[in-house]
Amino acid sequence: MIQIQDLHFAYNKKKVFTGLSLSFSPGHIYGLLGKNGTGKSTLLRNICGLLFPDKGSVQVLGQSPGKRKPSFLQQIFLIPEEFDLPNVSVNAYVHNNAKFYPLFNLEQFNHYLKEFDIPIGNTLLNMSYGQKKKVLIAFGLSCNTKILLMDEPTNGLDIMSKSQFRKVIAGCVDENKCIIISTHQVKDLESLIDRVTVIDDGNILFDQSIESISQKLSFKISLDPEEVKDALYAETGLKGNVIVSANTEGTESKLDIELLYKTIVTNQVTVNEIFKP
Amino acid sequence: MNDTLSTTRLLMLIKKHWDENKRLHWLGLLAAMGVLFAFYLFLIITSSYRALDADGQAMCFFVSLAIVFVIYSLSFFNVLNKKDKATAYLLIPASQLEKLLCGVFYCTILLGILWLGVFYLVNTSMIGLLNKLAVNDMEKYKSMFVDKKFIPKETANLFAFKGSFVFAMSICCSLQAGALIGSFYFERYTLVKTIATTIGVWLLFVVIQSVILQGAMPTKFYLFEMGVYKTSNWSMDAEGRDVYQPSKYIFLSSTLTSISRFLLYYSIWPLLTLATYFRLKEKEI
């Protein structure tokens, strides 16, 4: 669905990607994780055609995104971190924009708005940032595009809205759709994504499915100093040490994405060794 | 699916733009109308009656049209210099050509028609007012008009200026296209930078004309009008007195003159609009 080959990209002289290769398939929710300024948003913008590669290729749905053809744009929707909505009512916004997306479903949109507790008749100007973002997320989901890109979607959402967001996203994935969520707030993607991709300095540090992570890594609380010492990553908590270690026992533990992320960032080589086929 | 131009998508884009900006458009138009009213009032108060004869009215129309064209066009694609707005705009599933045509529709066609209406409204009412005032004025100071008869002004028919109308419209449209592309190139101080660039380009033409074409002419010949060079009617004799003499003319070939005139009238707007299209295509956010 999305094929990135040897992508080179730089903002003037500041290099962001130097030979990035990656692919995304339909039927998955990808979590694109990484620190601020590591290239997550740049990658999303290359995928949707807002930025053009300096070298290498980005192929999305068999097309080159940079051409920004209508047939391509109606199959992809980006929910950017910084967004702009016009000063019109929600109804008017939908009326003017939905026509561009052939698979837009109004019932679905109203359902999502209900889930997010957004009053339909309101003008977008009178809404808070969080409410506007929820309208945009609801609209993006209702467009039923094959690819949905979200850049820091939970920024500006309150605690309740974040759980509403997780619920809504989990309910909308199907085998033809590819959702890529870029965030540095890794906790927000807990139990939502099925593949983790970590970017750092324009390189892929880690790219594995949740299933594979659960099989090969173990997340647990340990009081054993030896176990803590041998762990890939350890953090002192109230109940003891929270550790991430290689899963040698074969029992699956509950994945903690934040711990996983810290483990990858601090112990990249060993983690990748564990995941070598 | 036609990825280049679809009238349905173009109409959808035009309607979307209208619905999202209509309040701003009407307010802007009303404000510009207010300024035009104020300008006419100023002319009447300062008794510049002659300024409102047919040529003066035409001048008012074309200068005001050029100003509204430039101001509106500068703001149209300027949204592309703001990341959030540009992201939303560039990702609308419509082709770059449709987005450009939507811009041309608003900046040239719709604005031109609306401004024509606004101008006729202001012009007709203010000329009417002027005529009333002038007649009253004449009655009041009858003695001062012993030999003069006040001739009421008539509202000018802009289309009656034939060649001048086309020429003036081509200048207005060229300025509009310049402003449209200027809004792409200059993120900040768009108006100032666009005006400075326009003056720069115009100076370049002046230099080309005076260095290359003028240089190819015999001495004392200067550009009289497009394709025609002439000498002055006046020269100085040995004692330093001005002496009248008939002018001598050099006519460039009619083909060359026709080509130059055609390029000046009709090529600037399409060229700049084409350049805007390519800028839109290669815009990155």
# chains A, B, ... in the order shown; residues from 1 in each chain; ligands from 1
$ interface_residues --of "chain A" --to "chain B" --cutoff "12 Å" --atoms "only C-alpha atoms" --output "mmCIF file with N, CA and C atoms, in the first residue's frame"
data_model
loop_
_atom_site.group_PDB
_atom_site.id
_atom_site.type_symbol
_atom_site.label_atom_id
_atom_site.label_comp_id
_atom_site.auth_asym_id
_atom_site.auth_seq_id
_atom_site.Cartn_x
_atom_site.Cartn_y
_atom_site.Cartn_z
ATOM 1 N N TYR A 11 15.550 19.558 4.922
ATOM 2 C CA TYR A 11 15.035 20.931 4.926
ATOM 3 C C TYR A 11 16.246 21.834 4.735
ATOM 4 N N SER A 41 6.539 13.645 11.391
ATOM 5 C CA SER A 41 5.616 14.469 10.599
ATOM 6 C C SER A 41 6.111 14.599 9.161
ATOM 7 N N THR A 42 7.424 14.705 9.005
ATOM 8 C CA THR A 42 8.007 14.820 7.663
ATOM 9 C C THR A 42 7.691 13.569 6.848
ATOM 10 N N LEU A 44 5.086 11.582 7.261
ATOM 11 C CA LEU A 44 3.661 11.620 6.911
ATOM 12 C C LEU A 44 3.418 12.587 5.755
ATOM 13 N N ARG A 45 4.105 13.720 5.776
ATOM 14 C CA ARG A 45 3.922 14.719 4.718
ATOM 15 C C ARG A 45 4.488 14.238 3.387
ATOM 16 N N ASN A 46 5.517 13.404 3.436
ATOM 17 C CA ASN A 46 6.025 12.801 2.198
ATOM 18 C C ASN A 46 5.025 11.785 1.661
ATOM 19 N N ILE A 47 4.370 11.087 2.592
ATOM 20 C CA ILE A 47 3.410 10.047 2.174
ATOM 21 C C ILE A 47 2.181 10.681 1.516
ATOM 22 N N CYS A 48 1.745 11.838 2.049
ATOM 23 C CA CYS A 48 0.507 12.407 1.471
ATOM 24 C C CYS A 48 0.793 13.440 0.368
ATOM 25 N N GLY A 49 2.044 13.681 0.065
ATOM 26 C CA GLY A 49 2.371 14.534 -1.084
ATOM 27 C C GLY A 49 2.526 16.007 -0.773
ATOM 28 N N LEU A 50 2.630 16.335 0.515
ATOM 29 C CA LEU A 50 2.852 17.751 0.854
ATOM 30 C C LEU A 50 4.332 18.101 0.764
ATOM 31 N N LEU A 51 5.179 17.084 0.861
ATOM 32 C CA LEU A 51 6.624 17.266 0.669
ATOM 33 C C LEU A 51 7.082 16.273 -0.386
ATOM 34 N N PHE A 52 8.123 16.651 -1.117
ATOM 35 C CA PHE A 52 8.624 15.760 -2.172
ATOM 36 C C PHE A 52 10.003 15.221 -1.776
ATOM 37 N N PRO A 53 10.249 13.942 -2.026
ATOM 38 C CA PRO A 53 11.570 13.383 -1.687
ATOM 39 C C PRO A 53 12.678 14.045 -2.510
ATOM 40 N N PRO A 65 2.789 10.409 -4.659
ATOM 41 C CA PRO A 65 1.974 11.380 -3.916
ATOM 42 C C PRO A 65 2.218 12.833 -4.327
ATOM 43 N N GLY A 66 3.462 13.143 -4.733
ATOM 44 C CA GLY A 66 3.823 14.521 -5.058
ATOM 45 C C GLY A 66 2.996 15.127 -6.177
ATOM 46 N N LYS A 67 2.397 14.261 -6.999
ATOM 47 C CA LYS A 67 1.574 14.795 -8.108
ATOM 48 C C LYS A 67 0.236 15.323 -7.610
ATOM 49 N N ARG A 68 -0.133 14.906 -6.417
ATOM 50 C CA ARG A 68 -1.368 15.370 -5.770
ATOM 51 C C ARG A 68 -2.579 15.288 -6.722
ATOM 52 N N LYS A 69 -2.730 14.137 -7.347
ATOM 53 C CA LYS A 69 -3.871 13.946 -8.253
ATOM 54 C C LYS A 69 -5.141 13.766 -7.429
ATOM 55 N N PRO A 70 -6.276 14.257 -7.931
ATOM 56 C CA PRO A 70 -7.524 14.105 -7.186
ATOM 57 C C PRO A 70 -7.845 12.640 -6.839
ATOM 58 N N SER A 71 -7.562 11.724 -7.816
ATOM 59 C CA SER A 71 -7.862 10.307 -7.570
ATOM 60 C C SER A 71 -7.034 9.760 -6.408
ATOM 61 N N PHE A 72 -5.870 10.339 -6.197
ATOM 62 C CA PHE A 72 -5.026 9.933 -5.065
ATOM 63 C C PHE A 72 -5.494 10.606 -3.778
ATOM 64 N N LEU A 73 -5.743 11.902 -3.867
ATOM 65 C CA LEU A 73 -6.093 12.669 -2.661
ATOM 66 C C LEU A 73 -7.415 12.216 -2.047
ATOM 67 N N GLN A 74 -8.313 11.654 -2.881
ATOM 68 C CA GLN A 74 -9.583 11.225 -2.286
ATOM 69 C C GLN A 74 -9.469 9.858 -1.609
ATOM 70 N N GLN A 75 -8.264 9.286 -1.651
ATOM 71 C CA GLN A 75 -8.058 8.009 -0.964
ATOM 72 C C GLN A 75 -7.166 8.138 0.261
ATOM 73 N N ILE A 76 -6.796 9.366 0.564
ATOM 74 C CA ILE A 76 -5.884 9.580 1.696
ATOM 75 C C ILE A 76 -6.376 10.784 2.506
ATOM 76 N N PHE A 77 -6.302 10.677 3.807
ATOM 77 C CA PHE A 77 -6.730 11.808 4.641
ATOM 78 C C PHE A 77 -5.694 12.010 5.741
ATOM 79 N N LEU A 78 -5.262 13.255 5.872
ATOM 80 C CA LEU A 78 -4.281 13.583 6.908
ATOM 81 C C LEU A 78 -4.941 14.433 7.978
ATOM 82 N N ILE A 79 -4.775 14.016 9.218
ATOM 83 C CA ILE A 79 -5.197 14.876 10.331
ATOM 84 C C ILE A 79 -3.910 15.463 10.895
ATOM 85 N N PRO A 80 -3.618 16.714 10.516
ATOM 86 C CA PRO A 80 -2.328 17.275 10.917
ATOM 87 C C PRO A 80 -2.322 17.753 12.367
ATOM 88 N N GLU A 81 -1.129 17.972 12.870
ATOM 89 C CA GLU A 81 -1.028 18.480 14.249
ATOM 90 C C GLU A 81 -1.559 19.920 14.301
ATOM 91 N N GLU A 82 -1.121 20.717 13.350
ATOM 92 C CA GLU A 82 -1.645 22.090 13.245
ATOM 93 C C GLU A 82 -2.677 22.079 12.127
ATOM 94 N N PHE A 83 -3.903 22.370 12.472
ATOM 95 C CA PHE A 83 -4.946 22.304 11.448
ATOM 96 C C PHE A 83 -5.743 23.598 11.422
ATOM 97 N N ASP A 84 -6.468 23.775 10.332
ATOM 98 C CA ASP A 84 -7.301 24.968 10.191
ATOM 99 C C ASP A 84 -8.684 24.527 9.739
ATOM 100 N N LEU A 85 -9.683 25.004 10.467
ATOM 101 C CA LEU A 85 -11.058 24.738 10.045
ATOM 102 C C LEU A 85 -11.737 26.078 9.800
ATOM 103 N N PRO A 86 -12.552 26.160 8.763
ATOM 104 C CA PRO A 86 -13.182 27.457 8.452
ATOM 105 C C PRO A 86 -14.242 27.844 9.489
ATOM 106 N N ASN A 87 -14.606 29.112 9.464
ATOM 107 C CA ASN A 87 -15.604 29.609 10.406
ATOM 108 C C ASN A 87 -17.018 29.357 9.866
ATOM 109 N N VAL A 88 -17.395 28.086 9.867
ATOM 110 C CA VAL A 88 -18.745 27.709 9.398
ATOM 111 C C VAL A 88 -19.315 26.689 10.382
ATOM 112 N N SER A 89 -20.584 26.357 10.213
ATOM 113 C CA SER A 89 -21.164 25.340 11.099
ATOM 114 C C SER A 89 -20.631 23.968 10.705
ATOM 115 N N VAL A 90 -20.776 23.022 11.608
ATOM 116 C CA VAL A 90 -20.303 21.659 11.322
ATOM 117 C C VAL A 90 -21.022 21.120 10.077
ATOM 118 N N ASN A 91 -22.318 21.398 9.998
ATOM 119 C CA ASN A 91 -23.102 20.926 8.841
ATOM 120 C C ASN A 91 -22.559 21.497 7.532
ATOM 121 N N ALA A 92 -22.286 22.806 7.554
ATOM 122 C CA ALA A 92 -21.772 23.453 6.340
ATOM 123 C C ALA A 92 -20.399 22.892 5.973
ATOM 124 N N TYR A 93 -19.581 22.641 6.992
ATOM 125 C CA TYR A 93 -18.242 22.091 6.740
ATOM 126 C C TYR A 93 -18.356 20.729 6.044
ATOM 127 N N VAL A 94 -19.249 19.915 6.575
ATOM 128 C CA VAL A 94 -19.434 18.578 5.994
ATOM 129 C C VAL A 94 -20.004 18.704 4.581
ATOM 130 N N HIS A 95 -20.992 19.578 4.432
ATOM 131 C CA HIS A 95 -21.639 19.749 3.129
ATOM 132 C C HIS A 95 -20.621 20.157 2.049
ATOM 133 N N ASN A 96 -19.693 21.032 2.414
ATOM 134 C CA ASN A 96 -18.726 21.543 1.429
ATOM 135 C C ASN A 96 -17.558 20.611 1.170
ATOM 136 N N ASN A 97 -17.213 19.784 2.155
ATOM 137 C CA ASN A 97 -16.007 18.966 1.999
ATOM 138 C C ASN A 97 -16.278 17.500 1.678
ATOM 139 N N ALA A 98 -17.414 17.004 2.167
ATOM 140 C CA ALA A 98 -17.679 15.571 1.999
ATOM 141 C C ALA A 98 -17.783 15.171 0.526
ATOM 142 N N LYS A 99 -18.250 16.110 -0.307
ATOM 143 C CA LYS A 99 -18.465 15.797 -1.733
ATOM 144 C C LYS A 99 -17.170 15.388 -2.446
ATOM 145 N N PHE A 100 -16.056 15.813 -1.876
ATOM 146 C CA PHE A 100 -14.771 15.478 -2.502
ATOM 147 C C PHE A 100 -14.356 14.026 -2.219
ATOM 148 N N TYR A 101 -15.006 13.414 -1.227
ATOM 149 C CA TYR A 101 -14.636 12.047 -0.848
ATOM 150 C C TYR A 101 -15.802 11.104 -1.175
ATOM 151 N N PRO A 102 -15.671 10.292 -2.218
ATOM 152 C CA PRO A 102 -16.797 9.471 -2.687
ATOM 153 C C PRO A 102 -17.332 8.503 -1.630
ATOM 154 N N THR A 123 -21.086 26.304 15.487
ATOM 155 C CA THR A 123 -20.126 26.852 14.525
ATOM 156 C C THR A 123 -18.729 26.434 14.965
ATOM 157 N N LEU A 124 -17.882 26.142 14.007
ATOM 158 C CA LEU A 124 -16.540 25.672 14.355
ATOM 159 C C LEU A 124 -15.743 26.736 15.115
ATOM 160 N N LEU A 125 -16.025 28.015 14.806
ATOM 161 C CA LEU A 125 -15.286 29.098 15.465
ATOM 162 C C LEU A 125 -15.536 29.110 16.969
ATOM 163 N N LEU A 136 -12.574 17.128 13.245
ATOM 164 C CA LEU A 136 -11.689 16.765 12.131
ATOM 165 C C LEU A 136 -11.424 15.254 12.116
ATOM 166 N N GLY A 140 -12.422 12.828 9.156
ATOM 167 C CA GLY A 140 -11.387 12.011 8.524
ATOM 168 C C GLY A 140 -11.768 10.539 8.508
ATOM 169 N N CYS A 143 -14.639 9.729 6.028
ATOM 170 C CA CYS A 143 -14.301 9.786 4.602
ATOM 171 C C CYS A 143 -13.976 8.393 4.058
ATOM 172 N N THR A 145 -11.301 6.780 3.687
ATOM 173 C CA THR A 145 -10.182 6.707 2.740
ATOM 174 C C THR A 145 -9.351 5.460 3.052
#
$ residues_around --residues "Gly128 (chain B)" --least-positions-apart "6" --cutoff "10 Å" --atoms "only C-alpha atoms" --output "NGL selection string"
:B and (122 or 134 or 152-155)
$ write_last_selection --atoms "C-alpha atoms" --output "mmCIF file, in the first residue's frame"
data_model
loop_
_atom_site.group_PDB
_atom_site.id
_atom_site.type_symbol
_atom_site.label_atom_id
_atom_site.label_comp_id
_atom_site.auth_asym_id
_atom_site.auth_seq_id
_atom_site.Cartn_x
_atom_site.Cartn_y
_atom_site.Cartn_z
ATOM 1 C CA VAL B 122 -21.181 54.636 -7.013
ATOM 2 C CA ALA B 134 -23.424 71.977 -9.713
ATOM 3 C CA PRO B 152 -24.203 68.219 -16.638
ATOM 4 C CA LYS B 153 -21.778 65.323 -16.523
ATOM 5 C CA GLU B 154 -22.883 62.042 -17.998
ATOM 6 C CA THR B 155 -21.937 58.685 -16.615
#
$ residues_around --residues "Leu191 (chain B)" --least-positions-apart "5" --cutoff "8 Å" --atoms "only C-alpha atoms" --output "number ranges by chain"
B: 71, 74, 179, 182
$ write_last_selection --atoms "C-alpha atoms" --output "compact mmCIF listing (two decimals), in the first residue's frame"
# COMPACT_ATOMS: atom_id res chain seq x y z
CA ILE B 71 -5.28 43.52 -2.92
CA LEU B 74 -2.43 39.08 -2.85
CA ALA B 179 -0.15 39.90 -7.34
CA GLY B 182 3.53 37.47 -5.59
$ residues_around --residues "Ala170 (chain A)" --least-positions-apart "4" --cutoff "9 Å" --atoms "only C-alpha atoms" --output "PyMOL selection string"
chain A and resi 29+165-166+191-193
$ select_by_dssp --residues "region 33-214 of chain A" --states "strand (DSSP E)" --output "PyMOL selection string"
chain A and resi 33+55-60+76-79+147-151+178-183+195-200+203-209
$ atom_distance --atom1 "CA of Tyr40 (chain B)" --atom2 "CA of Phe76 (chain B)"
28.1 Å
$ atom_distance --atom1 "CA of Leu157 (chain A)" --atom2 "CA of Val196 (chain A)"
22.1 Å
$ residues_around --residues "region 24-28 of chain B" --least-positions-apart "5" --cutoff "10 Å" --atoms "only C-alpha atoms" --output "number ranges by chain"
B: 18, 33-34, 68, 72, 106, 111
$ closest_residue --among "B:Phe77, B:Phe61, B:Phe262, B:Tyr229" --to "Tyr277 (chain B)" --atoms "only C-alpha atoms"
B:Phe77
$ closest_residue --among "B:Met217, B:Met226, B:Leu272, B:Ala168" --to "Ala58 (chain B)" --atoms "only C-alpha atoms"
B:Ala168
$ atom_distance --atom1 "CA of Gly62 (chain A)" --atom2 "CA of Leu20 (chain A)"
18.5 Å
$ residues_around --residues "Asp117 (chain A)" --least-positions-apart "3" --cutoff "12 Å" --atoms "only C-alpha atoms" --output "PDB file with C-alpha atoms, in the first residue's frame"
ATOM      1  CA  ASN A 110     -22.888  11.722  13.133  1.00  0.00           C
ATOM      2  CA  HIS A 111     -22.139   8.588  15.107  1.00  0.00           C
ATOM      3  CA  TYR A 112     -18.543   9.679  15.746  1.00  0.00           C
ATOM      4  CA  LEU A 113     -19.666  13.156  16.746  1.00  0.00           C
ATOM      5  CA  LYS A 114     -22.032  11.562  19.226  1.00  0.00           C
ATOM      6  CA  ILE A 120     -23.758  19.202  15.440  1.00  0.00           C
ATOM      7  CA  ASN A 122     -22.367  24.527  16.487  1.00  0.00           C
ATOM      8  CA  GLY A 130     -10.064  19.872  21.362  1.00  0.00           C
ATOM      9  CA  GLN A 131     -13.608  19.953  19.985  1.00  0.00           C
ATOM     10  CA  LYS A 132     -12.377  21.120  16.591  1.00  0.00           C
ATOM     11  CA  LYS A 134     -12.527  15.809  17.317  1.00  0.00           C
ATOM     12  CA  VAL A 135     -14.665  17.153  14.455  1.00  0.00           C
ATOM     13  CA  ALA A 138     -14.646  12.295  12.946  1.00  0.00           C
ATOM     14  CA  MET A 160     -11.929  11.345  28.447  1.00  0.00           C
ATOM     15  CA  SER A 161     -11.485  12.397  24.851  1.00  0.00           C
ATOM     16  CA  GLN A 164     -13.060   8.123  23.238  1.00  0.00           C
ATOM     17  CA  PHE A 165     -10.446   8.499  20.524  1.00  0.00           C
TER      18      PHE A 165
END
$ residues_around --residues "region 202-215 of chain B" --least-positions-apart "4" --cutoff "12 Å" --atoms "only C-alpha atoms" --output "list of chain:residue names"
B:Leu175, B:Gly178, B:Ile195, B:Ala196, B:Thr197, B:Thr198, B:Thr219, B:Lys220, B:Phe221, B:Tyr222, B:Leu223, B:Phe224, B:Met226, B:Gly227, B:Val228, B:Tyr229, B:Lys230, B:Ile250, B:Leu252, B:Leu264
$ closest_residue --among "A:Ser212, A:Glu226, A:Ile147, A:Asp54" --to "Ser25 (chain A)" --atoms "only C-alpha atoms"
A:Ile147
